[in-house]
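Novice: Provided below: upload-v7.pdb, containing PDB, C-alpha atoms.
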```
MODEL        1
ATOM      1  CA  MET Y  20      11.694 -17.246  33.292  1.00  0.00           C
ATOM      2  CA  ASN Y  21      14.830 -16.009  31.590  1.00  0.00           C
ATOM      3  CA  ASN Y  22      15.984 -12.426  31.146  1.00  0.00           C
ATOM      4  CA  ASN Y  23      18.715 -13.182  28.625  1.00  0.00           C
ATOM      5  CA  GLY Y  24      16.475 -13.697  25.604  1.00  0.00           C
ATOM      6  CA  THR Y  25      14.664 -16.426  23.739  1.00  0.00           C
ATOM      7  CA  VAL Y  26      15.720 -18.418  20.694  1.00  0.00           C
ATOM      8  CA  LEU Y  27      13.055 -19.487  18.193  1.00  0.00           C
ATOM      9  CA  PHE Y  28      13.959 -22.800  16.572  1.00  0.00           C
ATOM     10  CA  TYR Y  29      12.838 -23.619  13.031  1.00  0.00           C
ATOM     11  CA  ASN Y  30      13.451 -27.124  11.666  1.00  0.00           C
ATOM     12  CA  LEU Y  31      16.136 -27.896  14.231  1.00  0.00           C
ATOM     13  CA  GLY Y  32      15.764 -31.400  15.507  1.00  0.00           C
ATOM     14  CA  GLY Y  33      18.216 -34.197  15.935  1.00  0.00           C
ATOM     15  CA  GLU Y  34      21.696 -33.894  17.362  1.00  0.00           C
ATOM     16  CA  LYS Y  35      22.294 -30.319  16.158  1.00  0.00           C
ATOM     17  CA  GLY Y  36      19.064 -29.137  17.750  1.00  0.00           C
ATOM     18  CA  ARG Y  37      19.990 -30.908  20.984  1.00  0.00           C
ATOM     19  CA  LYS Y  38      23.413 -29.233  21.039  1.00  0.00           C
ATOM     20  CA  ILE Y  39      21.908 -25.793  20.452  1.00  0.00           C
ATOM     21  CA  ARG Y  40      19.333 -26.385  23.184  1.00  0.00           C
ATOM     22  CA  MET Y  41      22.183 -27.248  25.566  1.00  0.00           C
ATOM     23  CA  ILE Y  42      23.928 -23.974  24.665  1.00  0.00           C
ATOM     24  CA  CYS Y  43      20.684 -22.102  25.350  1.00  0.00           C
ATOM     25  CA  MET Y  44      20.295 -23.755  28.736  1.00  0.00           C
ATOM     26  CA  LYS Y  45      23.936 -23.029  29.626  1.00  0.00           C
ATOM     27  CA  LEU Y  46      23.399 -19.329  28.829  1.00  0.00           C
ATOM     28  CA  GLY Y  47      19.991 -19.085  30.512  1.00  0.00           C
ATOM     29  CA  LEU Y  48      18.117 -18.515  27.269  1.00  0.00           C
ATOM     30  CA  GLY Y  49      14.528 -19.425  26.591  1.00  0.00           C
ATOM     31  CA  ILE Y  50      13.725 -21.870  23.798  1.00  0.00           C
ATOM     32  CA  ARG Y  51      10.660 -21.928  21.569  1.00  0.00           C
ATOM     33  CA  THR Y  52      10.214 -24.406  18.744  1.00  0.00           C
ATOM     34  CA  VAL Y  53       8.073 -22.951  15.960  1.00  0.00           C
ATOM     35  CA  GLU Y  54       6.182 -25.776  14.280  1.00  0.00           C
ATOM     36  CA  PRO Y  55       5.439 -25.759  10.533  1.00  0.00           C
ATOM     37  CA  GLU Y  56       1.713 -25.297  11.188  1.00  0.00           C
ATOM     38  CA  GLU Y  57       2.618 -21.982  12.917  1.00  0.00           C
ATOM     39  CA  PHE Y  58       4.673 -20.585  10.019  1.00  0.00           C
ATOM     40  CA  GLY Y  59       1.686 -18.493   8.853  1.00  0.00           C
ATOM     41  CA  GLU Y  60       1.403 -16.741  12.230  1.00  0.00           C
ATOM     42  CA  LYS Y  61       3.092 -13.399  12.856  1.00  0.00           C
ATOM     43  CA  ILE Y  62       6.623 -13.412  14.245  1.00  0.00           C
ATOM     44  CA  GLY Y  63       5.258 -11.436  17.192  1.00  0.00           C
ATOM     45  CA  TYR Y  64       3.044 -14.388  18.063  1.00  0.00           C
ATOM     46  CA  ALA Y  65       5.854 -16.928  17.601  1.00  0.00           C
ATOM     47  CA  ALA Y  66       8.063 -14.790  19.861  1.00  0.00           C
ATOM     48  CA  LYS Y  67       5.252 -14.432  22.429  1.00  0.00           C
ATOM     49  CA  LEU Y  68       5.289 -10.647  22.253  1.00  0.00           C
ATOM     50  CA  PRO Y  69       2.493  -8.845  24.115  1.00  0.00           C
ATOM     51  CA  GLY Y  70      -0.520  -8.041  21.958  1.00  0.00           C
ATOM     52  CA  TYR Y  71      -0.033 -10.903  19.496  1.00  0.00           C
ATOM     53  CA  GLU Y  72      -2.612 -13.654  19.433  1.00  0.00           C
ATOM     54  CA  LYS Y  73      -2.887 -16.819  17.393  1.00  0.00           C
ATOM     55  CA  THR Y  74      -4.833 -16.047  14.212  1.00  0.00           C
ATOM     56  CA  GLY Y  75      -5.096 -19.541  12.812  1.00  0.00           C
ATOM     57  CA  ALA Y  76      -3.061 -18.536   9.767  1.00  0.00           C
ATOM     58  CA  GLY Y  77      -1.371 -21.811   9.055  1.00  0.00           C
ATOM     59  CA  ALA Y  78       0.565 -23.497   6.336  1.00  0.00           C
ATOM     60  CA  ALA Y  79      -2.469 -24.177   4.140  1.00  0.00           C
ATOM     61  CA  ASP Y  80      -1.456 -21.751   1.384  1.00  0.00           C
ATOM     62  CA  ASN Y  81       2.289 -22.336   1.639  1.00  0.00           C
ATOM     63  CA  VAL Y  82       4.632 -25.273   1.631  1.00  0.00           C
ATOM     64  CA  PRO Y  83       6.566 -25.116   4.905  1.00  0.00           C
ATOM     65  CA  PHE Y  84      10.243 -24.384   4.368  1.00  0.00           C
ATOM     66  CA  THR Y  85      12.695 -26.985   5.600  1.00  0.00           C
ATOM     67  CA  ASP Y  86      15.779 -24.797   6.104  1.00  0.00           C
ATOM     68  CA  GLU Y  87      17.097 -24.527   9.623  1.00  0.00           C
ATOM     69  CA  MET Y  88      16.644 -21.051  11.052  1.00  0.00           C
ATOM     70  CA  LEU Y  89      17.215 -19.360  14.418  1.00  0.00           C
ATOM     71  CA  VAL Y  90      15.414 -16.172  15.420  1.00  0.00           C
ATOM     72  CA  PHE Y  91      16.529 -14.184  18.466  1.00  0.00           C
ATOM     73  CA  LYS Y  92      14.195 -12.237  20.737  1.00  0.00           C
ATOM     74  CA  GLY Y  93      15.273  -9.938  23.551  1.00  0.00           C
ATOM     75  CA  PHE Y  94      19.035 -10.417  23.175  1.00  0.00           C
ATOM     76  CA  SER Y  95      21.567  -7.809  24.227  1.00  0.00           C
ATOM     77  CA  ARG Y  96      24.425  -7.337  21.774  1.00  0.00           C
ATOM     78  CA  SER Y  97      26.844  -9.051  24.170  1.00  0.00           C
ATOM     79  CA  MET Y  98      24.520 -12.036  24.670  1.00  0.00           C
ATOM     80  CA  LEU Y  99      24.103 -12.407  20.915  1.00  0.00           C
ATOM     81  CA  ASP Y 100      27.886 -12.335  20.466  1.00  0.00           C
ATOM     82  CA  THR Y 101      28.309 -14.903  23.264  1.00  0.00           C
ATOM     83  CA  PHE Y 102      25.632 -17.184  21.815  1.00  0.00           C
ATOM     84  CA  LEU Y 103      27.089 -17.037  18.303  1.00  0.00           C
ATOM     85  CA  ALA Y 104      30.576 -17.759  19.681  1.00  0.00           C
ATOM     86  CA  GLU Y 105      29.185 -20.792  21.548  1.00  0.00           C
ATOM     87  CA  LEU Y 106      27.522 -22.016  18.337  1.00  0.00           C
ATOM     88  CA  ARG Y 107      30.842 -21.798  16.478  1.00  0.00           C
ATOM     89  CA  LYS Y 108      32.714 -23.464  19.342  1.00  0.00           C
ATOM     90  CA  GLY Y 109      30.153 -26.288  19.355  1.00  0.00           C
ATOM     91  CA  GLY Y 110      30.348 -26.727  15.575  1.00  0.00           C
ATOM     92  CA  CYS Y 111      26.657 -25.904  15.186  1.00  0.00           C
ATOM     93  CA  THR Y 112      26.322 -24.092  11.873  1.00  0.00           C
ATOM     94  CA  VAL Y 113      22.921 -22.560  11.135  1.00  0.00           C
ATOM     95  CA  SER Y 114      23.048 -20.351   8.055  1.00  0.00           C
ATOM     96  CA  LEU Y 115      19.769 -18.504   8.535  1.00  0.00           C
ATOM     97  CA  LYS Y 116      19.587 -16.264  11.596  1.00  0.00           C
ATOM     98  CA  ALA Y 117      17.516 -13.182  12.407  1.00  0.00           C
ATOM     99  CA  VAL Y 118      16.599 -10.891  15.272  1.00  0.00           C
ATOM    100  CA  VAL Y 119      12.985  -9.974  16.068  1.00  0.00           C
ATOM    101  CA  THR Y 120      12.603  -6.259  15.298  1.00  0.00           C
ATOM    102  CA  ASP Y 121       9.814  -3.704  15.098  1.00  0.00           C
ATOM    103  CA  ALA Y 122      10.135  -4.011  11.319  1.00  0.00           C
ATOM    104  CA  ASN Y 123       9.670  -7.795  11.109  1.00  0.00           C
ATOM    105  CA  ARG Y 124       7.440  -8.719  14.029  1.00  0.00           C
ATOM    106  CA  ASP Y 125       4.301  -8.351  11.895  1.00  0.00           C
ATOM    107  CA  TRP Y 126       5.720 -10.625   9.188  1.00  0.00           C
ATOM    108  CA  ASP Y 127       4.920 -14.313   9.095  1.00  0.00           C
ATOM    109  CA  SER Y 128       7.696 -16.909   9.223  1.00  0.00           C
ATOM    110  CA  TYR Y 129       7.529 -17.415   5.448  1.00  0.00           C
ATOM    111  CA  THR Y 130       8.251 -13.726   4.816  1.00  0.00           C
ATOM    112  CA  LEU Y 131      11.057 -13.637   7.386  1.00  0.00           C
ATOM    113  CA  HIS Y 132      12.585 -16.821   5.991  1.00  0.00           C
ATOM    114  CA  ALA Y 133      12.501 -15.445   2.430  1.00  0.00           C
ATOM    115  CA  ALA Y 134      14.155 -12.174   3.518  1.00  0.00           C
ATOM    116  CA  VAL Y 135      16.869 -13.902   5.565  1.00  0.00           C
ATOM    117  CA  ALA Y 136      17.544 -16.472   2.827  1.00  0.00           C
ATOM    118  CA  ALA Y 137      17.888 -13.699   0.210  1.00  0.00           C
ATOM    119  CA  GLU Y 138      20.258 -11.781   2.522  1.00  0.00           C
ATOM    120  CA  HIS Y 139      22.295 -14.939   3.035  1.00  0.00           C
ATOM    121  CA  VAL Y 140      22.729 -15.391  -0.729  1.00  0.00           C
ATOM    122  CA  ILE Y 141      23.840 -11.765  -1.141  1.00  0.00           C
ATOM    123  CA  MET Y 142      26.319 -12.024   1.748  1.00  0.00           C
ATOM    124  CA  HIS Y 143      27.883 -15.165   0.286  1.00  0.00           C
ATOM    125  CA  ARG Y 144      28.184 -13.553  -3.149  1.00  0.00           C
ATOM    126  CA  GLN Y 145      30.093 -10.659  -1.569  1.00  0.00           C
ATOM    127  CA  ASP Y 146      32.299 -13.045   0.444  1.00  0.00           C
ATOM    128  CA  ASN Y 147      33.228 -14.952  -2.718  1.00  0.00           C
ATOM    129  CA  GLN Y 148      34.193 -11.887  -4.772  1.00  0.00           C
TER     130      GLN Y 148
ENDMDL
END
```
Taking this structure as input, can you express it in the form of structure tokens?

Specialist:
Amino acid sequence: MNNNGTVLFYNLGGEKGRKIRMICMKLGLGIRTVEPEEFGEKIGYAAKLPGYEKTGAGAADNVPFTDEMLVFKGFSRSMLDTFLAELRKGGCTVSLKAVVTDANRDWDSYTLHAAVAAEHVIMHRQDNQ
């Protein structure tokens, strides 16, 4: 069991996913792949937080998103900085990233994805001005 945190992987397979998994192992981070059929479950369940059980809320009413996304659970600020630096060093760009918080742990993955994607668009607009 790790004490450094856990990374939730969304739509990260192939070589990039393998590289990010290697970074996680190097840093002693846990890894959890969230499958599309789990996107309707609460983030608290996906992150394996106490008190969250599988509800069976699946992808039936939604089309699973295909964007790559990383969600961080239980990271210290320094570990998050280290992980992000390792991602950059390894050339592993993932545009959508979030941290599990009290505010978003009751959201499903669709809601979190929509919020993070909207934030990403706003950030890039500001960067390009």

Novice: For the point (-4.6, -15.0, 10.5) in the file's frame, write as JSON, numbers by chain all residues with an atom no more than 9 Å away, counting only C-alpha atoms.

Specialist: {"Y": [59, 60, 61, 73, 74, 75, 76, 77]}

Novice: Step by step, work through what the PyMOL selection byres ((chain Y and resi 116) around 12) selects in the shown file, and finish by giving those residues as a PyMOL selection string.

Specialist: chain Y and resi 26-29+86-92+99+102-103+106+112-115+117-119+131-139

Novice: Around all the atoms of stretch 102-119 of chain Y listed in the file, draw an axis-aligned box and extend it by 8 Å on each of the six sides; I want its centre and edge lengths in Å to one decimal, as JSON.

Specialist:
```
{"center_x": 22.8, "center_y": -18.4, "center_z": 14.9, "size_x": 35.7, "size_y": 32.8, "size_z": 29.8}
```

Novice: Between atom CA of Y:Thr120 and atom CA of Y:Arg40, measure the distance and give it in Å to one decimal.

Specialist: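 Interatomic distance, atom CA of Y:Thr120 to atom CA of Y:Arg40: 22.6 Å.
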
Novice: Neighbours of Y:Lys45 within 12 Å (all atoms listed in the file; same-chain residues fewer than 6 positions away dropped), as a ChimeraX atom specification?

Specialist: /Y:21,23,38-39,101-102,105-106

Novice: Hey, which of Y:Gly33, Y:Thr25, Y:Thr130, Y:Phe94 ends up closest to Y:Lys67? Count all atoms listed in the file.

Specialist: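 Closest to Y:Lys67, using all atoms listed in the file: Y:Thr25.
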
Novice: Using all atoms listed in the file, find the one residue out of Y:Met142, Y:Glu56, Y:Gly93, Y:Leu48 that sits nearest to Y:Ser128.

Specialist: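 Closest to Y:Ser128 of all the choices is Y:Glu56.
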
Novice: What's the separation between atom CA of Y:Tyr64 and atom CA of Y:Arg124, in Å to one decimal place?

Specialist: 8.2 Å

Novice: Atom CA of Y:Arg96 to atom CA of Y:Ala65: how many Å, to one decimal?

Specialist: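 These two atoms are separated by 21.3 Å.
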
Novice: List the spatial neighbours of Y:Pro55 as a short mmCIF file (atom, residue, chain, number, x, y, z; two decimals) with C-alpha atoms, in the coordinates of the input - criterion: any atom at most 6 Å away, only C-alpha atoms, same-chain residues fewer than 2 positions off excluded.

Specialist:
```
data_model
loop_
_atom_site.label_atom_id
_atom_site.label_comp_id
_atom_site.auth_asym_id
_atom_site.auth_seq_id
_atom_site.Cartn_x
_atom_site.Cartn_y
_atom_site.Cartn_z
CA GLU Y 57 2.62 -21.98 12.92
CA PHE Y 58 4.67 -20.58 10.02
CA PRO Y 83 6.57 -25.12 4.90
#
```
